[in-house]
Structure formats: C-alpha cells, structure tokens
Amino acid sequence: MGHYGRIAALLVVSALFAALLDVIGLPAALLLGPMIAAIVFASRGWEWELPKAPYQIAQAVIGLLVAKSLDPAIVATAWRAPWLFLSTALVTVAIGLCLGWLLARRGILPGKTAIWGSMPGAAAAMTLMAREDGADWQLVATMMWLRVIMVAVLGSSLAALLGAQHGSHLAGQDWFPPIDMRHLAETVVIGVAGLAIGRVTRLPAPAFTGPLLVAMVAVYFGLARPQLPGWLLAASYLSVGWQIGLGFTPEITRKVARLAPRLLVSLGGMILACALYSLVLARLSGQDLMTAYLATSPGGIDAVAIIATSVHVDVPFVLAMQLVRFIAVIIIGPLLARAVATRMTVAAP
C-alpha cells in the first residue's frame, strides 16, 4: 500500500473507531478515535508527520472552542464565591502535583513528564503544552487519555448509582450550519490575532493559548463569538488525535505497555483523592454529590461537560469549576513542571 493509500486507510479506521466510541457513549470520541487509529498505524512502524499548518489551525480551533464555554452564567456562578472556586482549583492542582512528584521521586517517569501527565485539565491542551515544554509528550498523552477514559466510565457509573442520569445525550455542534459571514470573519481574526500574540509573547503552546485568551476576552465582553461548525471541530480533533497518535513508535509503545500497570494505579489514586475532596466541596457549597464530583473530576473540560449535560447536576457550577482550574493549570503548569524537574535533577545523586 502506497503512502496516500495508508493515509486513506488511516482516515477510514479513524472514522470507525470514532463511531464505535460515540455509540458506547465515550466523551471526546472524535478525538480519541483518530488517536487510537494513529497509534495502531504508528506502532506497526508507519512513519508520517502531519503538516504543521493543519496542526496549528487545529490547536487554535480547540482554544476557541474552550473559550466559547465562558458564558455569563458560568462567570456569575464563579463570581458569587471566588474563594471556593480558587481554593478548589488549587487543591486539585496540588493533588496532581503530589502525584507527579511521587512518580518522579520513585523514578517511574522523568520530572517534566510526571508533572504534565498529572496535571488536571483539558487533555489535548496539556499534551500540546507538554510537547512545547520538551516533556515526553507521548507518555503525557497516555496518562491524560487513560484518565479521561477512567473519569468517563466512573462518572457514568456514579450517575447510574445515584439515579442522576436522565438519558439525554449532548448532540454537540451542528455539522453543517448556515454560515454567518460576519461571525466567520470574527473567528478568523481572533484565531490569527491570537496566534500572533501567542508567538510574540512566547506563550506555551502559542497556537492554542493565544487564540484561547483572545477569544475569552472577546466572548466575555460581547465583542464576538467564534463560529465553529461541526465539520471544523471534527477536522481539528482529527488533526490533534493524529498528531498525538503518530508519535507512538514501536519503542514508545513498548515503554507505555511496561508502565501501564503503575500508571493505572497512580491515576486511580488521583481520581479517588479528587472524589474524596468532592465530599468537602459538597458540604461547603451546598451542592449535591454528583455536581461536586464532576466539578472536582480531573478529566478534560470537554469530557466533563458532556457528562454533566447528560445528568441532573448544576451544569454552570461544574463548568465554572472546571474552567477556573483550567486557567490555573495554563498559568502555573509550565512553572510547576520546570521547578519540579529542576529540583529532581539537583536532588539526584
């Protein structure tokens, strides 16, 4: 099979995996499906590097997508008790930091990789930033997506046990909506401006964080609202999924298989620690247990959003908690990774 034939086969297999994951109700299926397909192809020795431009566009689109969740209801919810949201964000980040330090201390993973892989937040964002920071991003991606899967399964199971699930499914974006040329132009301007600002200011993962920050300001002040049709989101998730998955060479795959048992145990411990803290959050906030659990859950904001809209919970509260933590990780994540990596290097004999 020639080069283009393999690309076509990868596209077909990606669609099949994504459809299968969507049928069983797993969040972020359009991202996980292509990632798994790319891992299968790369682990069998196929080498192909995704062109840089589509990958950067995909990062910008994901940044715009996260920024769109900043609606007035979420901001108002966080503003009513800022201390509660900030303290919860810091506690969950501290749990991830402790796990990362433990993994690095025991020599299971290098310092940067351990910290990035243990950071609670959007999986795609953390993987992108880890790669920019020089961490072993294939292992970071493995840790992130293992946690996404575990959170999705446990969240759905807990909802069923508590009788909170009402059976609705988040339909997501319309695949081919009518195009509003004004909103489309605003989206392009925000993306291009954000990318330029990200590069000039040397933000981590500038193609993602630049458009994210510019779009958050534009959305909050009502200046613009990005238009992101379903086909564009699907293509962006496909690009990011492929970029992550194609890095899993046979050597990396063997390393992941060797570490899998310890990673599963450590990630399970992280999820358990966050779940225990949700009991405290429920008491302090007056929220029900399911709302508190999803608010502190260390899965990606997109995956948690899908679960939250499928159960009887306070959705603005959950998304506000997730967004505050996401911003905290974006700001302090690189500093923590470098500080811990430096400290572990100095402490090594």
# chains A, B, ... in the order shown; residues from 1 in each chain; ligands from 1
>>> residues_around(residues="Thr88 (chain A)", least_positions_apart="5", cutoff="10 Å", atoms="only C-alpha atoms", output="number ranges by chain")
A: 82-83, 93-94, 274, 277-278, 280-281, 295-296, 321-322, 324-325
>>> closest_residue(among="A:Gly241, A:Pro51, A:Gly63, A:Pro110", to="Ala18 (chain A)", atoms="only C-alpha atoms")
A:Gly241
>>> closest_residue(among="A:Gly96, A:Pro211, A:Gly45, A:Pro177", to="Arg147 (chain A)", atoms="only C-alpha atoms")
A:Gly96
>>> residues_around(residues="Gly198 (chain A)", least_positions_apart="4", cutoff="10 Å", atoms="only C-alpha atoms", output="PyMOL selection string")
chain A and resi 192-194+202-214
>>> closest_residue(among="A:Phe248, A:Phe17, A:Tyr220, A:Trp79", to="Leu32 (chain A)", atoms="only C-alpha atoms")
A:Phe17
>>> atom_distance(atom1="CA of Thr291 (chain A)", atom2="CA of Ala308 (chain A)")
8.0 Å
